[in-house]
file coords15.cif (mmCIF, C-alpha atoms)
data_input
#
loop_
_atom_site.group_PDB
_atom_site.id
_atom_site.type_symbol
_atom_site.label_atom_id
_atom_site.label_comp_id
_atom_site.auth_asym_id
_atom_site.auth_seq_id
_atom_site.Cartn_x
_atom_site.Cartn_y
_atom_site.Cartn_z
ATOM 1 C CA MET A 1 0.000 0.000 0.000
ATOM 2 C CA THR A 2 1.215 3.517 -0.795
ATOM 3 C CA PRO A 3 2.589 5.193 2.388
ATOM 4 C CA PHE A 4 0.296 8.200 2.049
ATOM 5 C CA ARG A 5 -2.895 6.193 1.343
ATOM 6 C CA GLY A 6 -3.538 5.439 5.015
ATOM 7 C CA VAL A 7 -4.747 7.810 7.714
ATOM 8 C CA GLY A 8 -1.273 8.051 9.267
ATOM 9 C CA GLY A 9 0.324 8.848 5.951
ATOM 10 C CA ARG A 10 -2.251 11.496 5.169
ATOM 11 C CA LEU A 11 -1.754 13.165 8.533
ATOM 12 C CA ALA A 12 2.022 13.131 8.013
ATOM 13 C CA LEU A 13 1.571 14.591 4.525
ATOM 14 C CA ALA A 14 -0.628 17.363 5.921
ATOM 15 C CA LEU A 15 1.997 18.200 8.560
ATOM 16 C CA LEU A 16 4.731 18.171 5.911
ATOM 17 C CA THR A 17 2.703 20.533 3.720
ATOM 18 C CA VAL A 18 2.273 22.965 6.622
ATOM 19 C CA VAL A 19 5.988 22.883 7.498
ATOM 20 C CA VAL A 20 7.104 23.383 3.885
ATOM 21 C CA GLY A 21 4.577 26.195 3.435
ATOM 22 C CA VAL A 22 5.782 27.996 6.552
ATOM 23 C CA LEU A 23 9.433 27.624 5.521
ATOM 24 C CA ALA A 24 8.651 28.969 2.041
ATOM 25 C CA ILE A 25 6.853 32.010 3.468
ATOM 26 C CA VAL A 26 9.690 32.740 5.901
ATOM 27 C CA TYR A 27 12.248 32.379 3.088
ATOM 28 C CA LEU A 28 10.367 34.761 0.790
ATOM 29 C CA ILE A 29 10.055 37.333 3.575
ATOM 30 C CA ILE A 30 13.535 37.182 5.102
ATOM 31 C CA VAL A 31 15.965 36.640 2.211
ATOM 32 C CA PRO A 32 14.760 39.389 -0.193
ATOM 33 C CA SER A 33 14.358 41.888 2.659
ATOM 34 C CA TYR A 34 17.871 41.063 3.902
ATOM 35 C CA GLN A 35 19.280 41.653 0.415
ATOM 36 C CA ARG A 36 17.417 44.967 0.115
ATOM 37 C CA SER A 37 18.738 45.976 3.534
ATOM 38 C CA LEU A 38 22.342 45.340 2.479
ATOM 39 C CA GLU A 39 21.821 47.215 -0.792
ATOM 40 C CA ASN A 40 20.204 50.182 0.967
ATOM 41 C CA THR A 41 23.058 50.314 3.470
ATOM 42 C CA GLU A 42 25.577 50.570 0.611
ATOM 43 C CA LEU A 43 23.469 53.192 -1.179
ATOM 44 C CA SER A 44 23.108 55.255 1.999
ATOM 45 C CA GLY A 45 26.870 55.230 2.537
ATOM 46 C CA LEU A 46 27.512 56.370 -1.033
ATOM 47 C CA SER A 47 24.828 59.057 -0.738
ATOM 48 C CA ARG A 48 26.414 60.453 2.436
ATOM 49 C CA SER A 49 29.816 60.517 0.735
ATOM 50 C CA MET A 50 28.341 62.314 -2.267
ATOM 51 C CA THR A 51 26.616 65.003 -0.197
ATOM 52 C CA ARG A 52 29.843 65.691 1.747
ATOM 53 C CA LEU A 53 31.942 65.840 -1.404
ATOM 54 C CA ALA A 54 33.995 68.972 -2.073
ATOM 55 C CA VAL A 55 33.737 69.279 -5.859
ATOM 56 C CA PRO A 56 36.336 71.312 -7.782
ATOM 57 C CA ASP A 57 35.291 73.705 -10.530
ATOM 58 C CA PHE A 58 36.683 71.380 -13.237
ATOM 59 C CA THR A 59 38.401 74.121 -15.209
ATOM 60 C CA GLY A 60 41.765 72.428 -15.654
ATOM 61 C CA GLY A 61 40.852 69.970 -18.402
ATOM 62 C CA PHE A 62 41.129 66.179 -18.429
ATOM 63 C CA ASP A 63 43.895 66.024 -15.832
ATOM 64 C CA THR A 64 41.709 67.805 -13.280
ATOM 65 C CA PHE A 65 38.839 65.384 -13.876
ATOM 66 C CA GLN A 66 41.070 62.320 -13.707
ATOM 67 C CA GLN A 67 42.922 63.457 -10.593
ATOM 68 C CA PHE A 68 39.607 64.108 -8.902
ATOM 69 C CA ALA A 69 38.251 60.650 -9.786
ATOM 70 C CA GLU A 70 41.404 58.826 -8.696
ATOM 71 C CA SER A 71 41.715 60.739 -5.412
ATOM 72 C CA ILE A 72 38.073 60.289 -4.408
ATOM 73 C CA ALA A 73 37.716 56.576 -5.295
ATOM 74 C CA PRO A 74 39.635 55.160 -2.296
ATOM 75 C CA VAL A 75 37.880 57.581 0.052
ATOM 76 C CA VAL A 76 34.362 56.494 -0.960
ATOM 77 C CA ASN A 77 35.429 52.893 -1.686
ATOM 78 C CA ALA A 78 33.753 52.960 -5.088
ATOM 79 C CA ARG A 79 34.498 53.527 -8.744
ATOM 80 C CA VAL A 80 34.250 57.224 -9.551
ATOM 81 C CA VAL A 81 33.237 58.329 -13.045
ATOM 82 C CA VAL A 82 32.790 61.889 -14.304
ATOM 83 C CA LEU A 83 30.337 62.187 -17.190
ATOM 84 C CA ASP A 84 29.552 64.991 -19.619
ATOM 85 C CA LEU A 85 26.044 65.321 -21.007
ATOM 86 C CA LEU A 86 26.233 65.420 -24.817
ATOM 87 C CA ALA A 87 22.523 65.963 -25.499
ATOM 88 C CA GLY A 88 19.394 66.845 -23.596
ATOM 89 C CA SER A 89 18.517 63.213 -22.840
ATOM 90 C CA GLY A 90 21.866 61.485 -23.371
ATOM 91 C CA PRO A 91 24.075 59.757 -24.123
ATOM 92 C CA LEU A 92 26.678 60.654 -21.535
ATOM 93 C CA GLU A 93 30.375 60.893 -22.317
ATOM 94 C CA PRO A 94 32.762 59.490 -19.678
ATOM 95 C CA ILE A 95 35.609 61.994 -19.396
ATOM 96 C CA ALA A 96 37.284 60.577 -16.273
ATOM 97 C CA ASP A 97 37.274 57.179 -14.619
ATOM 98 C CA SER A 98 39.095 56.037 -11.500
ATOM 99 C CA SER A 99 39.354 52.552 -13.052
ATOM 100 C CA LEU A 100 41.342 53.240 -16.199
ATOM 101 C CA GLU A 101 41.782 49.537 -16.901
ATOM 102 C CA GLN A 102 38.016 49.080 -17.286
ATOM 103 C CA ASN A 103 35.802 50.145 -20.161
ATOM 104 C CA SER A 104 33.866 53.329 -19.377
ATOM 105 C CA SER A 105 31.457 53.054 -22.316
ATOM 106 C CA ALA A 106 28.965 51.133 -20.159
ATOM 107 C CA PHE A 107 28.135 54.419 -18.413
ATOM 108 C CA GLU A 108 27.082 56.278 -21.575
ATOM 109 C CA ASN A 109 23.423 55.446 -20.947
ATOM 110 C CA ASP A 110 23.598 54.799 -17.231
ATOM 111 C CA ARG A 111 20.037 55.174 -15.961
ATOM 112 C CA ILE A 112 21.079 56.443 -12.514
ATOM 113 C CA ALA A 113 23.213 59.214 -14.021
ATOM 114 C CA LEU A 114 20.465 60.133 -16.501
ATOM 115 C CA ARG A 115 17.937 60.237 -13.667
ATOM 116 C CA ALA A 116 20.215 62.637 -11.764
ATOM 117 C CA VAL A 117 20.351 64.903 -14.819
ATOM 118 C CA ALA A 118 16.590 64.754 -15.351
ATOM 119 C CA GLY A 119 15.854 65.515 -11.702
ATOM 120 C CA SER A 120 18.713 68.009 -11.273
ATOM 121 C CA GLY A 121 19.621 66.336 -8.004
ATOM 122 C CA LEU A 122 20.934 63.260 -6.274
ATOM 123 C CA ALA A 123 19.824 59.930 -7.753
ATOM 124 C CA ARG A 124 20.527 56.456 -6.399
ATOM 125 C CA GLY A 125 19.682 52.911 -7.366
ATOM 126 C CA ILE A 126 20.883 49.447 -8.335
ATOM 127 C CA ALA A 127 22.394 48.909 -11.777
ATOM 128 C CA ALA A 128 23.231 45.634 -13.525
ATOM 129 C CA ARG A 129 26.107 45.229 -15.970
ATOM 130 C CA LYS A 130 27.459 41.991 -17.402
ATOM 131 C CA GLY A 131 25.595 39.891 -14.868
ATOM 132 C CA GLU A 132 26.812 41.896 -11.858
ATOM 133 C CA ARG A 133 24.907 44.291 -9.621
ATOM 134 C CA PHE A 134 26.179 47.691 -8.521
ATOM 135 C CA ALA A 135 25.002 50.297 -6.028
ATOM 136 C CA GLU A 136 25.153 53.672 -7.781
ATOM 137 C CA VAL A 137 24.750 57.276 -6.703
ATOM 138 C CA ALA A 138 24.927 60.168 -9.170
ATOM 139 C CA TYR A 139 24.832 63.941 -8.794
ATOM 140 C CA PRO A 140 24.934 66.692 -11.459
ATOM 141 C CA VAL A 141 27.326 69.544 -10.733
ATOM 142 C CA ASN A 142 28.891 72.329 -12.802
ATOM 143 C CA GLY A 143 27.528 70.883 -16.047
ATOM 144 C CA TYR A 144 28.831 67.382 -15.357
ATOM 145 C CA VAL A 145 27.594 64.262 -13.588
ATOM 146 C CA ILE A 146 29.614 62.590 -10.842
ATOM 147 C CA LEU A 147 28.842 58.898 -10.450
ATOM 148 C CA PHE A 148 29.829 56.523 -7.651
ATOM 149 C CA SER A 149 29.529 52.850 -8.574
ATOM 150 C CA ALA A 150 30.220 50.164 -5.950
ATOM 151 C CA PRO A 151 29.972 46.424 -6.733
ATOM 152 C CA LEU A 152 27.602 44.417 -4.554
ATOM 153 C CA HIS A 153 29.603 41.212 -4.882
ATOM 154 C CA ASP A 154 30.391 40.893 -1.161
ATOM 155 C CA GLN A 155 26.817 41.669 -0.111
ATOM 156 C CA LEU A 156 25.383 39.167 -2.587
ATOM 157 C CA GLN A 157 27.825 36.526 -1.363
ATOM 158 C CA THR A 158 26.494 37.101 2.156
ATOM 159 C CA VAL A 159 22.930 36.718 0.882
ATOM 160 C CA ALA A 160 23.913 33.528 -0.975
ATOM 161 C CA LEU A 161 25.433 32.142 2.229
ATOM 162 C CA VAL A 162 22.212 32.919 4.124
ATOM 163 C CA LYS A 163 20.223 31.203 1.367
ATOM 164 C CA ARG A 164 22.355 28.067 1.530
ATOM 165 C CA ARG A 165 22.159 27.858 5.310
ATOM 166 C CA PHE A 166 18.411 28.474 5.232
ATOM 167 C CA LEU A 167 17.922 25.723 2.641
ATOM 168 C CA VAL A 168 20.027 23.290 4.666
ATOM 169 C CA ALA A 169 18.137 24.148 7.847
ATOM 170 C CA GLY A 170 14.849 23.864 5.946
ATOM 171 C CA ALA A 171 15.788 20.432 4.600
ATOM 172 C CA ILE A 172 16.673 19.226 8.108
ATOM 173 C CA ALA A 173 13.437 20.670 9.531
ATOM 174 C CA THR A 174 11.428 19.047 6.724
ATOM 175 C CA LEU A 175 13.049 15.652 7.306
ATOM 176 C CA PHE A 176 12.432 15.973 11.033
ATOM 177 C CA ALA A 177 8.794 16.899 10.377
ATOM 178 C CA ILE A 178 8.382 13.840 8.144
ATOM 179 C CA LEU A 179 9.841 11.463 10.720
ATOM 180 C CA VAL A 180 8.062 12.897 13.762
ATOM 181 C CA GLY A 181 4.823 13.559 11.893
ATOM 182 C CA TYR A 182 4.662 10.126 10.354
ATOM 183 C CA ALA A 183 5.492 8.388 13.653
ATOM 184 C CA GLY A 184 2.899 10.418 15.520
ATOM 185 C CA ALA A 185 0.350 9.914 12.780
ATOM 186 C CA ILE A 186 0.865 6.133 12.847
ATOM 187 C CA ILE A 187 0.247 6.056 16.617
ATOM 188 C CA PHE A 188 -2.864 8.188 16.196
ATOM 189 C CA ALA A 189 -4.035 6.065 13.261
ATOM 190 C CA ARG A 190 -3.730 2.859 15.338
ATOM 191 C CA ARG A 191 -6.117 4.300 17.892
ATOM 192 C CA LEU A 192 -8.512 5.231 15.120
ATOM 193 C CA ARG A 193 -8.327 1.707 13.700
ATOM 194 C CA ARG A 194 -9.102 0.245 17.150
ATOM 195 C CA LEU A 195 -12.121 2.539 17.412
ATOM 196 C CA GLU A 196 -13.202 1.512 13.905
ATOM 197 C CA ALA A 197 -12.851 -2.184 14.789
ATOM 198 C CA ALA A 198 -14.863 -1.697 17.978
ATOM 199 C CA ALA A 199 -17.567 0.161 16.051
ATOM 200 C CA GLU A 200 -17.732 -2.640 13.480
ATOM 201 C CA ARG A 201 -18.085 -5.277 16.199
ATOM 202 C CA ILE A 202 -20.888 -3.308 17.825
ATOM 203 C CA ALA A 203 -22.568 -2.858 14.440
ATOM 204 C CA ALA A 204 -22.317 -6.633 13.942
ATOM 205 C CA GLY A 205 -24.096 -7.237 17.259
ATOM 206 C CA ASP A 206 -21.037 -8.056 19.357
ATOM 207 C CA PHE A 207 -21.692 -5.978 22.459
#
call {"tool": "encode", "arguments": {"input": "coords15.cif", "output": "structure tokens"}}
result
Amino acid sequence: MTPFRGVGGRLALALLTVVVGVLAIVYLIIVPSYQRSLENTELSGLSRSMTRLAVPDFTGGFDTFQQFAESIAPVVNARVVVLDLLAGSGPLEPIADSSLEQNSSAFENDRIALRAVAGSGLARGIAARKGERFAEVAYPVNGYVILFSAPLHDQLQTVALVKRRFLVAGAIATLFAILVGYAGAIIFARRLRRLEAAAERIAAGDF
């Protein structure tokens, strides 16, 4: 007979369904909110650094831009890019980048920088490039846009670790629920079967 055809099996299956449902709800509530919390913490730190930034007048040409980007990057712990707006709605031209070894063309249509230009103020958000996520803060100043871009690799690794540990703990809890639930259900089902047998004897006239 199939294990879940009997009363005990059905009770165990019901308990398993409840446990799995609760674990799924907890997972969907905790893990995404934890990731958002880490991302917001990074964005808040970049925003504070941007608002405290002493911006030069950028009148010395490329060297001034590049020196600014390279000097600020280790202070804010992020990639610093200075962008020039070529047209009313974009694209943007990167004119300085603290990471010279990396391609700056990805920032030509950066939505956070464009949002800062459109709103004439600080803009922040999460950007994705080449399968990676970045916390970005942008601010327009003196006809240019300053952009801070910090990778979220470490934060996402922390979230992945929490996911793995939650899944392991969930698997252990599910297995425990199956064992305890099925054992308890079998004991309960035996009592039900004894009651059924007694009822059948009474129905047959055996008082």
call {"tool": "residues_around", "arguments": {"input": "coords15.cif", "residues": "A:Tyr139", "least_positions_apart": "3", "cutoff": "10 Å", "atoms": "all atoms listed in the file", "output": "ChimeraX atom specification"}}
result
/A:47,50-51,82,112-117,119-124,144-148
call {"tool": "resolve_selection", "arguments": {"input": "coords15.cif", "expression": "the PyMOL selection byres ((chain A and resi 78) around 12)", "output": "PyMOL selection string"}}
result
chain A and resi 42-43+45-47+49-50+69-77+79-81+97-99+134-137+146-152
call {"tool": "atom_distance", "arguments": {"input": "coords15.cif", "atom1": "atom CA of A:Ala127", "atom2": "atom CA of A:Arg111"}}
result
7.9 Å
call {"tool": "resolve_selection", "arguments": {"input": "coords15.cif", "expression": "the PyMOL selection byres ((chain A and resi 39) around 10)", "output": "number ranges by chain"}}
result
A: 33-38, 40-44, 125-126, 133-135, 152, 155-156
call {"tool": "axis_aligned_box", "arguments": {"input": "coords15.cif", "around": "stretch 91-105 of chain A", "padding_each_side": "5 Å", "output": "AutoDock Vina command-line options"}}
result
--center_x 32.9 --center_y 55.5 --center_z -17.8 --size_x 27.7 --size_y 22.9 --size_z 22.6
call {"tool": "decode", "arguments": {"input": "coords15.cif", "residues": "stretch 171-188 of chain A", "atoms": "N, CA and C atoms", "output": "PDB file, in the first residue's frame"}}
result
ATOM      1  N   ALA A 171      15.788  21.855   4.943  1.00  0.00           N
ATOM      2  CA  ALA A 171      15.788  20.432   4.600  1.00  0.00           C
ATOM      3  C   ALA A 171      15.807  19.569   5.859  1.00  0.00           C
ATOM      4  N   ILE A 172      16.617  19.980   6.844  1.00  0.00           N
ATOM      5  CA  ILE A 172      16.673  19.226   8.108  1.00  0.00           C
ATOM      6  C   ILE A 172      15.330  19.300   8.825  1.00  0.00           C
ATOM      7  N   ALA A 173      14.737  20.506   8.870  1.00  0.00           N
ATOM      8  CA  ALA A 173      13.437  20.670   9.531  1.00  0.00           C
ATOM      9  C   ALA A 173      12.354  19.855   8.829  1.00  0.00           C
ATOM     10  N   THR A 174      12.416  19.825   7.483  1.00  0.00           N
ATOM     11  CA  THR A 174      11.428  19.047   6.724  1.00  0.00           C
ATOM     12  C   THR A 174      11.573  17.555   7.005  1.00  0.00           C
ATOM     13  N   LEU A 175      12.812  17.063   7.014  1.00  0.00           N
ATOM     14  CA  LEU A 175      13.049  15.652   7.306  1.00  0.00           C
ATOM     15  C   LEU A 175      12.575  15.303   8.715  1.00  0.00           C
ATOM     16  N   PHE A 176      12.873  16.197   9.653  1.00  0.00           N
ATOM     17  CA  PHE A 176      12.432  15.973  11.033  1.00  0.00           C
ATOM     18  C   PHE A 176      10.910  15.943  11.115  1.00  0.00           C
ATOM     19  N   ALA A 177      10.259  16.857  10.382  1.00  0.00           N
ATOM     20  CA  ALA A 177       8.794  16.899  10.377  1.00  0.00           C
ATOM     21  C   ALA A 177       8.210  15.623   9.796  1.00  0.00           C
ATOM     22  N   ILE A 178       8.868  15.083   8.745  1.00  0.00           N
ATOM     23  CA  ILE A 178       8.382  13.840   8.144  1.00  0.00           C
ATOM     24  C   ILE A 178       8.477  12.689   9.139  1.00  0.00           C
ATOM     25  N   LEU A 179       9.634  12.572   9.792  1.00  0.00           N
ATOM     26  CA  LEU A 179       9.841  11.463  10.720  1.00  0.00           C
ATOM     27  C   LEU A 179       8.909  11.557  11.921  1.00  0.00           C
ATOM     28  N   VAL A 180       8.891  12.729  12.567  1.00  0.00           N
ATOM     29  CA  VAL A 180       8.062  12.897  13.762  1.00  0.00           C
ATOM     30  C   VAL A 180       6.583  12.843  13.398  1.00  0.00           C
ATOM     31  N   GLY A 181       6.227  13.523  12.303  1.00  0.00           N
ATOM     32  CA  GLY A 181       4.823  13.559  11.893  1.00  0.00           C
ATOM     33  C   GLY A 181       4.301  12.192  11.514  1.00  0.00           C
ATOM     34  N   TYR A 182       5.114  11.437  10.780  1.00  0.00           N
ATOM     35  CA  TYR A 182       4.662  10.126  10.354  1.00  0.00           C
ATOM     36  C   TYR A 182       4.556   9.178  11.541  1.00  0.00           C
ATOM     37  N   ALA A 183       5.550   9.251  12.465  1.00  0.00           N
ATOM     38  CA  ALA A 183       5.492   8.388  13.653  1.00  0.00           C
ATOM     39  C   ALA A 183       4.275   8.726  14.512  1.00  0.00           C
ATOM     40  N   GLY A 184       4.060  10.019  14.726  1.00  0.00           N
ATOM     41  CA  GLY A 184       2.899  10.418  15.520  1.00  0.00           C
ATOM     42  C   GLY A 184       1.593  10.059  14.846  1.00  0.00           C
ATOM     43  N   ALA A 185       1.575  10.229  13.509  1.00  0.00           N
ATOM     44  CA  ALA A 185       0.350   9.914  12.780  1.00  0.00           C
ATOM     45  C   ALA A 185       0.042   8.423  12.823  1.00  0.00           C
ATOM     46  N   ILE A 186       1.078   7.588  12.778  1.00  0.00           N
ATOM     47  CA  ILE A 186       0.865   6.133  12.847  1.00  0.00           C
ATOM     48  C   ILE A 186       0.255   5.749  14.192  1.00  0.00           C
ATOM     49  N   ILE A 187       0.791   6.333  15.285  1.00  0.00           N
ATOM     50  CA  ILE A 187       0.247   6.056  16.617  1.00  0.00           C
ATOM     51  C   ILE A 187      -1.210   6.481  16.700  1.00  0.00           C
ATOM     52  N   PHE A 188      -1.494   7.677  16.185  1.00  0.00           N
ATOM     53  CA  PHE A 188      -2.864   8.188  16.196  1.00  0.00           C
ATOM     54  C   PHE A 188      -3.768   7.315  15.327  1.00  0.00           C
TER      55      PHE A 188
END
